[in-house]
file upload.cif (mmCIF, C-alpha atoms and all ligand atoms)
data_coords
#
loop_
_atom_site.label_atom_id
_atom_site.label_comp_id
_atom_site.auth_asym_id
_atom_site.auth_seq_id
_atom_site.Cartn_x
_atom_site.Cartn_y
_atom_site.Cartn_z
CA MET A 1 28.39 17.20 -51.20
CA ASN A 2 25.86 18.96 -49.07
CA SER A 3 28.33 20.07 -46.39
CA PHE A 4 30.50 23.16 -46.40
CA GLY A 5 33.37 24.39 -44.21
CA ARG A 6 35.89 22.56 -42.04
CA LEU A 7 35.54 23.86 -38.47
CA PHE A 8 32.28 25.80 -38.91
CA ARG A 9 30.61 23.09 -40.94
CA VAL A 10 27.20 23.63 -42.47
CA THR A 11 25.15 20.79 -43.94
CA THR A 12 21.93 21.73 -45.72
CA PHE A 13 19.08 19.42 -46.62
CA GLY A 14 15.65 19.56 -48.21
CA GLU A 15 13.96 20.09 -51.56
CA SER A 16 12.01 23.07 -52.84
CA HIS A 17 8.68 21.23 -52.69
CA GLY A 18 9.46 18.81 -49.85
CA PRO A 19 7.93 19.35 -46.40
CA ALA A 20 10.88 21.37 -45.11
CA ILE A 21 14.40 22.62 -45.68
CA GLY A 22 17.02 22.79 -42.98
CA CYS A 23 20.64 22.79 -41.95
CA VAL A 24 22.93 21.48 -39.27
CA ILE A 25 25.83 23.69 -38.19
CA ASP A 26 28.61 21.80 -36.46
CA GLY A 27 31.50 23.62 -34.77
CA CYS A 28 29.83 26.90 -33.83
CA PRO A 29 31.66 28.55 -30.92
CA PRO A 30 29.67 28.29 -27.67
CA GLY A 31 28.19 31.22 -25.78
CA LEU A 32 26.90 33.26 -28.73
CA GLU A 33 23.47 34.73 -28.06
CA ILE A 34 21.02 33.90 -30.82
CA ALA A 35 17.23 34.12 -31.00
CA PRO A 36 14.83 32.94 -33.75
CA GLU A 37 13.83 36.52 -34.60
CA GLU A 38 17.44 37.39 -35.52
CA PHE A 39 17.10 35.33 -38.70
CA ARG A 40 14.20 37.47 -39.96
CA HIS A 41 16.13 40.38 -41.46
CA ASP A 42 18.41 38.46 -43.81
CA LEU A 43 15.80 35.82 -44.66
CA ASP A 44 13.39 38.59 -45.70
CA ARG A 45 16.09 40.23 -47.81
CA ARG A 46 16.53 36.95 -49.72
CA ALA A 47 12.89 35.86 -49.86
CA THR A 48 10.60 35.56 -52.86
CA GLY A 49 7.24 37.30 -53.04
CA LYS A 50 8.34 40.63 -51.57
CA THR A 51 8.09 42.65 -54.80
CA ARG A 52 6.78 42.11 -58.33
CA HIS A 53 10.37 41.78 -59.54
CA THR A 54 10.94 38.33 -58.00
CA SER A 55 9.13 34.97 -57.89
CA ALA A 56 5.59 35.24 -56.51
CA ARG A 57 5.99 32.24 -54.18
CA HIS A 58 5.15 33.26 -50.61
CA GLU A 59 7.10 31.47 -47.91
CA ALA A 60 6.99 32.59 -44.29
CA ASP A 61 10.57 31.33 -43.77
CA GLU A 62 10.01 30.88 -40.02
CA VAL A 63 13.17 29.39 -38.49
CA GLU A 64 12.78 26.72 -35.82
CA ILE A 65 15.91 26.15 -33.73
CA LEU A 66 15.84 22.43 -32.95
CA SER A 67 19.14 22.02 -31.12
CA GLY A 68 22.43 23.61 -30.13
CA VAL A 69 20.95 26.64 -28.38
CA HIS A 70 20.03 26.68 -24.68
CA GLU A 71 18.57 29.66 -22.85
CA GLY A 72 19.31 31.82 -25.91
CA LYS A 73 22.99 30.88 -26.27
CA THR A 74 24.83 28.48 -28.55
CA THR A 75 26.11 25.49 -26.57
CA GLY A 76 28.85 24.34 -28.97
CA THR A 77 26.78 21.29 -29.96
CA PRO A 78 25.25 20.93 -33.45
CA ILE A 79 22.76 23.66 -34.24
CA ALA A 80 19.83 22.36 -36.26
CA LEU A 81 17.64 24.90 -38.04
CA LEU A 82 14.39 24.01 -39.80
CA ILE A 83 12.11 25.99 -42.12
CA ARG A 84 8.87 24.37 -43.24
CA ASN A 85 7.85 24.84 -46.87
CA THR A 86 4.30 26.16 -47.01
CA ASP A 87 3.66 27.47 -50.54
CA GLN A 88 4.67 24.67 -52.92
CA ARG A 89 2.66 24.52 -56.17
CA SER A 90 3.96 21.31 -57.70
CA LYS A 91 1.34 21.19 -60.47
CA ASP A 92 3.30 23.98 -62.22
CA TYR A 93 5.96 21.35 -62.91
CA ALA A 94 3.72 18.49 -64.11
CA LYS A 95 4.12 19.38 -67.81
CA ILE A 96 7.92 19.57 -67.71
CA ALA A 97 8.50 16.62 -65.32
CA GLY A 98 9.78 14.50 -68.21
CA GLN A 99 11.56 17.29 -70.06
CA PHE A 100 14.88 19.08 -69.71
CA ARG A 101 14.68 22.86 -69.51
CA PRO A 102 17.46 24.26 -71.74
CA GLY A 103 20.10 25.90 -69.54
CA HIS A 104 18.86 24.15 -66.37
CA ALA A 105 20.34 21.49 -64.08
CA ASP A 106 17.41 19.20 -65.01
CA TYR A 107 19.60 17.38 -67.54
CA THR A 108 22.75 17.04 -65.44
CA TYR A 109 20.87 15.81 -62.34
CA TRP A 110 19.21 13.22 -64.58
CA GLN A 111 22.57 12.13 -66.02
CA LYS A 112 24.18 11.95 -62.59
CA TYR A 113 21.49 10.22 -60.55
CA GLY A 114 19.22 8.63 -63.16
CA ILE A 115 16.31 10.04 -61.17
CA ARG A 116 15.20 13.54 -60.17
CA ASP A 117 12.61 15.38 -58.14
CA PRO A 118 11.15 17.72 -60.76
CA ARG A 119 8.91 19.61 -58.32
CA GLY A 120 10.30 23.12 -58.14
CA GLY A 121 13.69 21.90 -59.31
CA GLY A 122 14.02 19.76 -56.17
CA ARG A 123 17.42 20.15 -54.63
CA SER A 124 18.74 22.31 -57.49
CA SER A 125 16.26 25.06 -56.57
CA ALA A 126 17.38 28.42 -55.24
CA ARG A 127 15.15 27.54 -52.27
CA GLU A 128 18.21 25.75 -50.82
CA THR A 129 20.02 29.07 -50.45
CA THR A 130 17.62 29.98 -47.64
CA MET A 131 19.55 27.74 -45.27
CA ARG A 132 22.92 29.22 -46.27
CA VAL A 133 21.55 32.64 -45.37
CA ALA A 134 20.17 31.31 -42.08
CA ALA A 135 23.49 29.68 -41.13
CA ALA A 136 25.33 32.87 -42.05
CA VAL A 137 23.20 34.93 -39.66
CA ILE A 138 25.10 33.11 -36.90
CA ALA A 139 28.43 33.49 -38.71
CA LYS A 140 27.90 37.22 -39.34
CA LYS A 141 26.99 37.83 -35.70
CA TRP A 142 30.07 36.03 -34.37
CA LEU A 143 32.37 37.77 -36.86
CA ALA A 144 30.91 41.17 -35.95
CA GLN A 145 31.08 40.64 -32.19
CA ARG A 146 34.51 39.08 -32.13
CA PHE A 147 36.31 41.16 -34.80
CA GLY A 148 33.95 43.92 -35.94
CA VAL A 149 33.78 42.26 -39.37
CA VAL A 150 30.93 43.61 -41.50
CA VAL A 151 29.95 41.74 -44.66
CA ARG A 152 27.74 43.66 -47.07
CA GLY A 153 26.84 43.41 -50.71
CA CYS A 154 25.00 45.12 -53.51
CA LEU A 155 23.80 44.50 -57.03
CA SER A 156 26.32 46.10 -59.37
CA GLN A 157 24.87 45.30 -62.79
CA ILE A 158 21.62 44.04 -64.35
CA GLY A 159 21.97 43.20 -68.02
CA ASP A 160 23.86 46.14 -69.45
CA ILE A 161 22.74 48.62 -66.76
CA ALA A 162 25.49 49.64 -64.31
CA PRO A 163 25.19 52.02 -61.34
CA ARG A 164 25.78 55.67 -62.22
CA SER A 165 27.01 56.42 -58.70
CA PHE A 166 27.78 54.42 -55.57
CA ASP A 167 26.37 54.92 -52.08
CA TRP A 168 26.16 52.08 -49.56
CA SER A 169 23.33 53.86 -47.76
CA ALA A 170 21.11 53.51 -50.86
CA VAL A 171 21.46 49.74 -51.08
CA GLU A 172 18.95 48.64 -48.44
CA GLY A 173 16.43 51.27 -49.53
CA ASN A 174 15.32 49.53 -52.73
CA PRO A 175 14.31 46.00 -53.72
CA PHE A 176 17.31 45.59 -56.04
CA PHE A 177 20.09 46.25 -53.48
CA TRP A 178 21.14 48.95 -55.95
CA PRO A 179 23.74 51.52 -54.84
CA CYS A 180 22.36 54.45 -56.88
CA ALA A 181 18.90 55.53 -55.64
CA GLU A 182 18.06 57.80 -58.59
CA GLN A 183 18.32 54.86 -61.00
CA VAL A 184 15.72 52.69 -59.24
CA PRO A 185 12.75 53.85 -61.41
CA GLU A 186 14.81 52.95 -64.50
CA LEU A 187 15.43 49.46 -63.09
CA GLU A 188 11.74 49.06 -62.28
CA ASN A 189 10.77 49.93 -65.86
CA TYR A 190 13.44 47.61 -67.20
CA MET A 191 12.28 44.71 -65.04
CA ASP A 192 8.59 45.33 -65.84
CA ALA A 193 9.32 45.20 -69.57
CA LEU A 194 11.51 42.11 -69.15
CA ARG A 195 8.83 40.29 -67.13
CA LYS A 196 6.18 41.09 -69.73
CA SER A 197 8.46 39.82 -72.50
CA GLY A 198 8.82 36.47 -70.69
CA ASP A 199 12.62 36.61 -70.88
CA SER A 200 15.23 36.76 -68.12
CA VAL A 201 18.55 38.52 -67.61
CA GLY A 202 21.89 38.10 -65.85
CA ALA A 203 23.38 40.22 -63.11
CA ARG A 204 26.46 41.00 -61.09
CA VAL A 205 26.70 41.19 -57.29
CA ASN A 206 29.57 42.71 -55.31
CA VAL A 207 30.43 41.73 -51.72
CA VAL A 208 32.82 43.54 -49.41
CA ALA A 209 33.95 42.36 -45.97
CA ASP A 210 35.35 45.17 -43.83
CA ASN A 211 37.57 44.79 -40.76
CA VAL A 212 38.88 41.33 -41.65
CA PRO A 213 42.16 41.13 -39.73
CA PRO A 214 45.37 40.18 -41.55
CA GLY A 215 46.31 36.52 -41.46
CA TRP A 216 43.11 34.66 -42.35
CA GLY A 217 43.47 32.05 -45.09
CA GLU A 218 45.57 28.93 -45.40
CA PRO A 219 48.18 28.48 -48.07
CA ILE A 220 48.46 26.47 -50.20
CA TYR A 221 45.21 24.59 -50.69
CA GLY A 222 42.98 26.46 -48.27
CA LYS A 223 43.55 29.92 -49.69
CA LEU A 224 41.02 32.51 -48.62
CA ASP A 225 40.43 33.57 -52.23
CA GLY A 226 40.28 29.94 -53.36
CA GLU A 227 37.63 29.13 -50.78
CA LEU A 228 35.69 32.31 -51.54
CA ALA A 229 35.69 31.42 -55.23
CA SER A 230 34.46 27.92 -54.50
CA ALA A 231 31.81 29.12 -52.04
CA LEU A 232 30.50 31.84 -54.34
CA MET A 233 30.53 29.55 -57.36
CA SER A 234 28.38 27.08 -55.40
CA ILE A 235 25.48 29.56 -55.47
CA ASN A 236 22.84 28.64 -58.05
CA ALA A 237 23.31 30.38 -61.42
CA VAL A 238 26.80 31.74 -60.67
CA LYS A 239 29.05 31.52 -63.72
CA GLY A 240 31.91 33.78 -62.70
CA VAL A 241 33.74 34.96 -59.58
CA GLU A 242 36.24 37.78 -59.32
CA ILE A 243 38.43 38.71 -56.34
CA GLY A 244 39.64 42.31 -56.23
CA ASP A 245 40.26 43.56 -59.77
CA GLY A 246 39.51 40.05 -61.06
CA PHE A 247 39.77 39.69 -64.82
CA ALA A 248 40.76 43.34 -65.19
CA VAL A 249 44.27 42.32 -64.02
CA VAL A 250 44.85 40.89 -67.47
CA ALA A 251 45.30 44.37 -68.93
CA GLN A 252 47.16 45.87 -65.97
CA LYS A 253 50.87 46.55 -65.54
CA GLY A 254 52.59 45.49 -62.32
CA THR A 255 53.19 49.10 -61.37
CA GLU A 256 49.47 49.73 -61.68
CA HIS A 257 48.24 46.59 -59.95
CA ARG A 258 50.50 46.36 -56.91
CA ASP A 259 49.02 47.98 -53.82
CA LEU A 260 51.65 50.37 -52.49
CA ILE A 261 52.23 50.41 -48.75
CA ALA A 262 52.79 53.41 -46.49
CA PRO A 263 53.05 53.37 -42.69
CA GLN A 264 49.59 54.98 -42.68
CA GLY A 265 48.11 52.15 -44.70
CA PHE A 266 47.75 50.46 -48.08
CA LEU A 267 47.35 53.05 -50.85
CA SER A 268 44.98 50.98 -53.01
CA ASN A 269 43.23 47.61 -53.02
CA HIS A 270 43.55 45.96 -56.42
CA ALA A 271 44.24 42.65 -54.65
CA GLY A 272 40.82 42.58 -53.02
CA GLY A 273 42.34 42.29 -49.55
CA ILE A 274 44.10 38.98 -50.18
CA LEU A 275 47.77 38.23 -50.97
CA GLY A 276 49.10 34.69 -51.19
CA GLY A 277 45.68 33.41 -50.16
CA ILE A 278 45.88 35.29 -46.84
CA SER A 279 43.96 38.40 -45.81
CA THR A 280 45.96 41.65 -45.74
CA GLY A 281 43.70 43.55 -43.36
CA GLN A 282 42.19 45.51 -46.26
CA PRO A 283 38.54 45.06 -47.22
CA VAL A 284 37.99 41.64 -48.81
CA VAL A 285 36.32 42.32 -52.16
CA ALA A 286 34.58 39.76 -54.38
CA SER A 287 32.05 39.88 -57.17
CA ILE A 288 29.96 37.28 -58.95
CA ALA A 289 28.28 36.94 -62.33
CA LEU A 290 24.86 35.26 -62.32
CA LYS A 291 23.36 33.83 -65.47
CA PRO A 292 19.82 34.61 -66.66
CA THR A 293 17.16 32.29 -65.19
CA SER A 294 16.55 29.27 -67.41
CA SER A 295 12.87 28.72 -66.46
CA LEU A 296 11.17 30.69 -69.24
CA ARG A 297 7.68 30.75 -70.69
CA ILE A 298 9.19 31.51 -74.11
CA PRO A 299 9.38 28.09 -75.84
CA GLY A 300 12.86 26.57 -76.11
CA GLN A 301 14.05 23.58 -78.09
CA SER A 302 15.02 20.52 -76.04
CA VAL A 303 14.37 16.79 -75.65
CA ASP A 304 12.39 14.73 -73.15
CA ILE A 305 13.71 11.87 -71.03
CA HIS A 306 13.14 9.51 -74.00
CA GLY A 307 15.30 11.69 -76.24
CA GLU A 308 12.31 12.93 -78.26
CA PRO A 309 12.32 16.56 -79.39
CA VAL A 310 10.11 18.92 -77.38
CA GLU A 311 9.41 22.63 -77.09
CA VAL A 312 9.84 23.41 -73.39
CA VAL A 313 7.58 26.05 -71.89
CA THR A 314 8.01 26.74 -68.17
CA THR A 315 5.06 28.32 -66.45
CA GLY A 316 4.83 29.11 -62.73
CA ARG A 317 6.48 31.62 -60.45
CA HIS A 318 10.00 32.36 -61.56
CA ASP A 319 12.52 35.15 -61.00
CA PRO A 320 13.22 37.08 -64.22
CA CYS A 321 16.59 37.96 -62.67
CA VAL A 322 17.90 35.68 -59.91
CA GLY A 323 20.65 38.21 -59.29
CA ILE A 324 18.13 40.51 -57.60
CA ARG A 325 17.89 38.12 -54.63
CA ALA A 326 21.52 37.04 -54.72
CA THR A 327 23.05 39.83 -52.61
CA PRO A 328 22.23 38.28 -49.20
CA ILE A 329 23.21 34.85 -50.51
CA ALA A 330 26.62 36.08 -51.67
CA GLU A 331 27.13 37.85 -48.34
CA ALA A 332 26.22 34.59 -46.59
CA MET A 333 28.80 32.54 -48.48
CA VAL A 334 31.51 35.13 -47.77
CA ALA A 335 30.59 35.14 -44.06
CA LEU A 336 30.64 31.33 -43.90
CA VAL A 337 34.11 31.22 -45.48
CA LEU A 338 35.37 33.95 -43.13
CA ILE A 339 34.16 32.32 -39.90
CA ASP A 340 35.64 29.00 -40.96
CA GLN A 341 38.98 30.61 -41.78
CA ALA A 342 38.91 32.65 -38.55
CA LEU A 343 38.47 29.50 -36.49
CA ARG A 344 41.19 27.70 -38.45
CA HIS A 345 43.55 30.64 -38.00
CA ARG A 346 42.81 30.66 -34.25
CA ALA A 347 43.43 26.91 -34.04
CA GLN A 348 46.86 26.99 -35.68
CA CYS A 349 48.16 30.51 -35.10
CA GLY A 350 46.22 31.73 -32.06
CA ASP A 351 49.47 32.00 -30.08
CA VAL A 352 51.20 34.17 -32.70
CA GLY A 353 49.26 37.26 -31.61
CA GLU A 354 49.60 40.62 -33.34
CA VAL A 355 52.73 40.94 -35.48
CA SER A 356 54.25 44.37 -36.14
CA PRO A 357 54.16 46.40 -38.26
CA ARG A 358 50.36 46.18 -38.49
CA ILE A 359 49.53 48.21 -41.62
CA PRO A 360 46.11 49.82 -41.59
CA GLY A 361 43.73 48.44 -44.23
CA SER A 362 43.57 51.66 -46.22
CA VAL A 363 44.57 55.28 -45.99
CA GLU A 364 41.46 57.29 -45.07
C1 LIG A 401 13.01 28.48 -58.14
C2 LIG A 401 11.71 28.52 -58.63
C3 LIG A 401 10.62 29.11 -57.86
C4 LIG A 401 11.13 30.14 -56.85
C5 LIG A 401 12.21 29.46 -56.02
C6 LIG A 401 13.40 29.14 -56.89
O1 LIG A 401 10.03 28.11 -57.07
P1 LIG A 401 8.57 27.58 -57.35
O2 LIG A 401 8.57 27.11 -58.74
O3 LIG A 401 8.35 26.50 -56.36
O4 LIG A 401 7.66 28.75 -57.13
O5 LIG A 401 10.05 30.58 -56.09
O6 LIG A 401 12.66 30.27 -54.98
C7 LIG A 401 12.25 30.00 -53.69
C8 LIG A 401 11.19 29.29 -53.37
C9 LIG A 401 13.12 30.60 -52.68
O7 LIG A 401 12.77 30.56 -51.50
O8 LIG A 401 14.17 31.10 -53.08
C10 LIG A 401 14.07 27.78 -58.85
O9 LIG A 401 13.77 27.10 -59.87
O10 LIG A 401 15.26 27.83 -58.45
#
call {"tool": "encode", "arguments": {"input": "upload.cif", "output": "structure tokens", "more": "lines below"}}
Ligand code: EPS
result
Amino acid sequence: MNSFGRLFRVTTFGESHGPAIGCVIDGCPPGLEIAPEEFRHDLDRRATGKTRHTSARHEADEVEILSGVHEGKTTGTPIALLIRNTDQRSKDYAKIAGQFRPGHADYTYWQKYGIRDPRGGGRSSARETTMRVAAAVIAKKWLAQRFGVVVRGCLSQIGDIAPRSFDWSAVEGNPFFWPCAEQVPELENYMDALRKSGDSVGARVNVVADNVPPGWGEPIYGKLDGELASALMSINAVKGVEIGDGFAVVAQKGTEHRDLIAPQGFLSNHAGGILGGISTGQPVVASIALKPTSSLRIPGQSVDIHGEPVEVVTTGRHDPCVGIRATPIAEAMVALVLIDQALRHRAQCGDVGEVSPRIPGSVE
């Protein structure tokens, strides 16, 4: 499956070392103003080559809008976006073209299709996430204009380092999307040492969507949390998804977990803004666990496509921590789920209108 969403449906295509990557968005509401330069901010946040802490591949990530936009506004017809690949270095992959990197999708793609494009990981490359971020620029804009929804994320753990304090205003001021500014030098030292060692590390990313109105999400099989989990898990390297308190609920008592309700608002948000698969009007809160990158220059035991033992060594330009670039990607998947659910809610329940009592999302 290369398509995502029901009413706001995004199909991505392209390989990391092919001539281009792109997407087609079907079902975008008409009349939304959108210009090519509006993609720049989020694409730059996700891009490689911006700091020494990510892959050194330099892609311009210039978006061409091929269809669906006329005189600066979406027309309701399919929006096709294209980004040409310009900095492929396929020779980096020549030595491992017939080998399976331990911990990589190389082996499973081979088992599934009996053939694979080894250049840059082909379709399994994180390069594909560029188009999710591009599509979500449109989704974020519509959600913000129509409902005031703001989707934002941050890195909330690298290895065993967690933020010592939390401030949203710090997040965009450092290359890690880290919410505690004073810790950034520590992260830089950690990443420098990790890169020199040739190893990689996992990370955690949190995403919060504010101002989501109550009522989005479809029971039973189209639950908002179910679709968020699926969307977030579809990001390369994601091994875990939590909504609200996530796995911490295991140790909680009901009296501790339930979010008490006062006329002034919900008194807590353990549920992550979702009850019964439907948004409560509180912030929607999700977090993801990303595994350490599997492309390592430290030799690892594996086999080649003939089943012969090999020591795999991956050279080239790899991220020592893919989680560092995952914040805008996670935001994108949350925004894509939200716009799809918003349109589905409007389609079925648009006539219901506002139901009282409308409980504020949280007590200030
Ligand atoms: C990636 C490997 C590297 C990264 C790439 C993701 O690609 P290459 O080997 O071609 O340099 O640079 O990330 C991107 C190109 C991107 O835009 O995110 C991988 O194996 O997933």
call {"tool": "residues_near_ligand", "arguments": {"input": "upload.cif", "ligand": "ligand LIG 401 (chain A)", "cutoff": "7 Å", "atoms": "only C-alpha atoms and all ligand atoms", "output": "ChimeraX atom specification"}}
result
/A:16-17,47-48,55-57,59,88-90,120-121,124-127,129-130,295,316-319
call {"tool": "atom_distance", "arguments": {"input": "upload.cif", "atom1": "CA of Gly114 (chain A)", "atom2": "CA of Arg297 (chain A)"}}
result
26.1 Å
call {"tool": "closest_residue", "arguments": {"input": "upload.cif", "among": "A:Ile324, A:Ile96, A:Ile274, A:Val207", "to": "Gly159 (chain A)", "atoms": "all atoms listed in the file"}}
result
A:Ile324
call {"tool": "atom_distance", "arguments": {"input": "upload.cif", "atom1": "CA of Leu228 (chain A)", "atom2": "CA of Phe247 (chain A)"}}
result
15.7 Å
call {"tool": "residues_near_point", "arguments": {"input": "upload.cif", "point": "(48.4, 26.4, -44.6)", "cutoff": "10 Å", "atoms": "all atoms listed in the file", "output": "PDB file with C-alpha atoms, in the frame of the given file"}}
result
ATOM      1  CA  GLY A 217      43.470  32.050 -45.090  1.00  0.00           C
ATOM      2  CA  GLU A 218      45.570  28.930 -45.400  1.00  0.00           C
ATOM      3  CA  PRO A 219      48.180  28.480 -48.070  1.00  0.00           C
ATOM      4  CA  ILE A 220      48.460  26.470 -50.200  1.00  0.00           C
ATOM      5  CA  TYR A 221      45.210  24.590 -50.690  1.00  0.00           C
ATOM      6  CA  GLY A 222      42.980  26.460 -48.270  1.00  0.00           C
ATOM      7  CA  LYS A 223      43.550  29.920 -49.690  1.00  0.00           C
ATOM      8  CA  GLY A 277      45.680  33.410 -50.160  1.00  0.00           C
ATOM      9  CA  ILE A 278      45.880  35.290 -46.840  1.00  0.00           C
ATOM     10  CA  ARG A 344      41.190  27.700 -38.450  1.00  0.00           C
ATOM     11  CA  HIS A 345      43.550  30.640 -38.000  1.00  0.00           C
ATOM     12  CA  GLN A 348      46.860  26.990 -35.680  1.00  0.00           C
TER      13      GLN A 348
END
call {"tool": "atom_distance", "arguments": {"input": "upload.cif", "atom1": "CA of Glu227 (chain A)", "atom2": "CA of Val334 (chain A)"}}
result
9.1 Å
call {"tool": "residues_around", "arguments": {"input": "upload.cif", "residues": "Thr75 (chain A)", "least_positions_apart": "3", "cutoff": "8 Å", "atoms": "all atoms listed in the file", "output": "PyMOL selection string"}}
result
chain A and resi 29-31+68-70
call {"tool": "write_last_selection", "arguments": {"input": "upload.cif", "atoms": "C-alpha atoms", "output": "short mmCIF file (atom, residue, chain, number, x, y, z; two decimals), in the coordinates of the input"}}
result
data_model
loop_
_atom_site.label_atom_id
_atom_site.label_comp_id
_atom_site.auth_asym_id
_atom_site.auth_seq_id
_atom_site.Cartn_x
_atom_site.Cartn_y
_atom_site.Cartn_z
CA PRO A 29 31.66 28.55 -30.92
CA PRO A 30 29.67 28.29 -27.67
CA GLY A 31 28.19 31.22 -25.78
CA GLY A 68 22.43 23.61 -30.13
CA VAL A 69 20.95 26.64 -28.38
CA HIS A 70 20.03 26.68 -24.68
#
call {"tool": "closest_residue", "arguments": {"input": "upload.cif", "among": "A:Val355, A:Val285, A:Leu32, A:Val310", "to": "Lys140 (chain A)", "atoms": "all atoms listed in the file"}}
result
A:Leu32
call {"tool": "residues_around", "arguments": {"input": "upload.cif", "residues": "region 81-84 of chain A", "least_positions_apart": "4", "cutoff": "12 Å", "atoms": "all atoms listed in the file", "output": "PyMOL selection string"}}
result
chain A and resi 10-26+35-36+39-40+43+59-69+88+127-138
call {"tool": "residues_around", "arguments": {"input": "upload.cif", "residues": "His306 (chain A)", "least_positions_apart": "2", "cutoff": "12 Å", "atoms": "only C-alpha atoms", "output": "PyMOL selection string"}}
result
chain A and resi 98-100+110+302-304+308-310
call {"tool": "closest_residue", "arguments": {"input": "upload.cif", "among": "A:Asp210, A:Ile34, A:Cys321, A:Val337", "to": "Ser230 (chain A)", "atoms": "all atoms listed in the file"}}
result
A:Val337
call {"tool": "build_atoms", "arguments": {"input": "upload.cif", "residues": "region 153-164 of chain A", "atoms": "N, CA and C atoms", "output": "JSON list (two decimals), keeping the file's coordinate frame"}}
result
[["chain", "number", "residue", "atom", "x", "y", "z"],
["A", 153, "GLY", "N", 26.78, 43.56, -49.27],
["A", 153, "GLY", "CA", 26.84, 43.41, -50.71],
["A", 153, "GLY", "C", 25.85, 44.32, -51.40],
["A", 154, "CYS", "N", 25.95, 44.34, -52.71],
["A", 154, "CYS", "CA", 25.00, 45.12, -53.51],
["A", 154, "CYS", "C", 24.95, 44.53, -54.92],
["A", 155, "LEU", "N", 23.89, 44.86, -55.62],
["A", 155, "LEU", "CA", 23.80, 44.50, -57.03],
["A", 155, "LEU", "C", 24.59, 45.54, -57.81],
["A", 156, "SER", "N", 25.49, 45.11, -58.68],
["A", 156, "SER", "CA", 26.32, 46.10, -59.37],
["A", 156, "SER", "C", 26.13, 46.09, -60.88],
["A", 157, "GLN", "N", 25.25, 45.25, -61.37],
["A", 157, "GLN", "CA", 24.87, 45.30, -62.79],
["A", 157, "GLN", "C", 23.65, 44.41, -63.02],
["A", 158, "ILE", "N", 22.71, 44.89, -63.83],
["A", 158, "ILE", "CA", 21.62, 44.04, -64.35],
["A", 158, "ILE", "C", 21.68, 44.18, -65.85],
["A", 159, "GLY", "N", 21.84, 43.09, -66.56],
["A", 159, "GLY", "CA", 21.97, 43.20, -68.02],
["A", 159, "GLY", "C", 23.09, 44.16, -68.34],
["A", 160, "ASP", "N", 22.79, 45.17, -69.14],
["A", 160, "ASP", "CA", 23.86, 46.14, -69.45],
["A", 160, "ASP", "C", 23.72, 47.43, -68.64],
["A", 161, "ILE", "N", 22.90, 47.41, -67.60],
["A", 161, "ILE", "CA", 22.74, 48.62, -66.76],
["A", 161, "ILE", "C", 23.71, 48.54, -65.57],
["A", 162, "ALA", "N", 24.54, 49.56, -65.44],
["A", 162, "ALA", "CA", 25.49, 49.64, -64.31],
["A", 162, "ALA", "C", 25.14, 50.87, -63.47],
["A", 163, "PRO", "N", 25.50, 50.86, -62.19],
["A", 163, "PRO", "CA", 25.19, 52.02, -61.34],
["A", 163, "PRO", "C", 25.90, 53.27, -61.84],
["A", 164, "ARG", "N", 25.16, 54.40, -61.80],
["A", 164, "ARG", "CA", 25.78, 55.67, -62.22],
["A", 164, "ARG", "C", 26.59, 56.29, -61.09]]
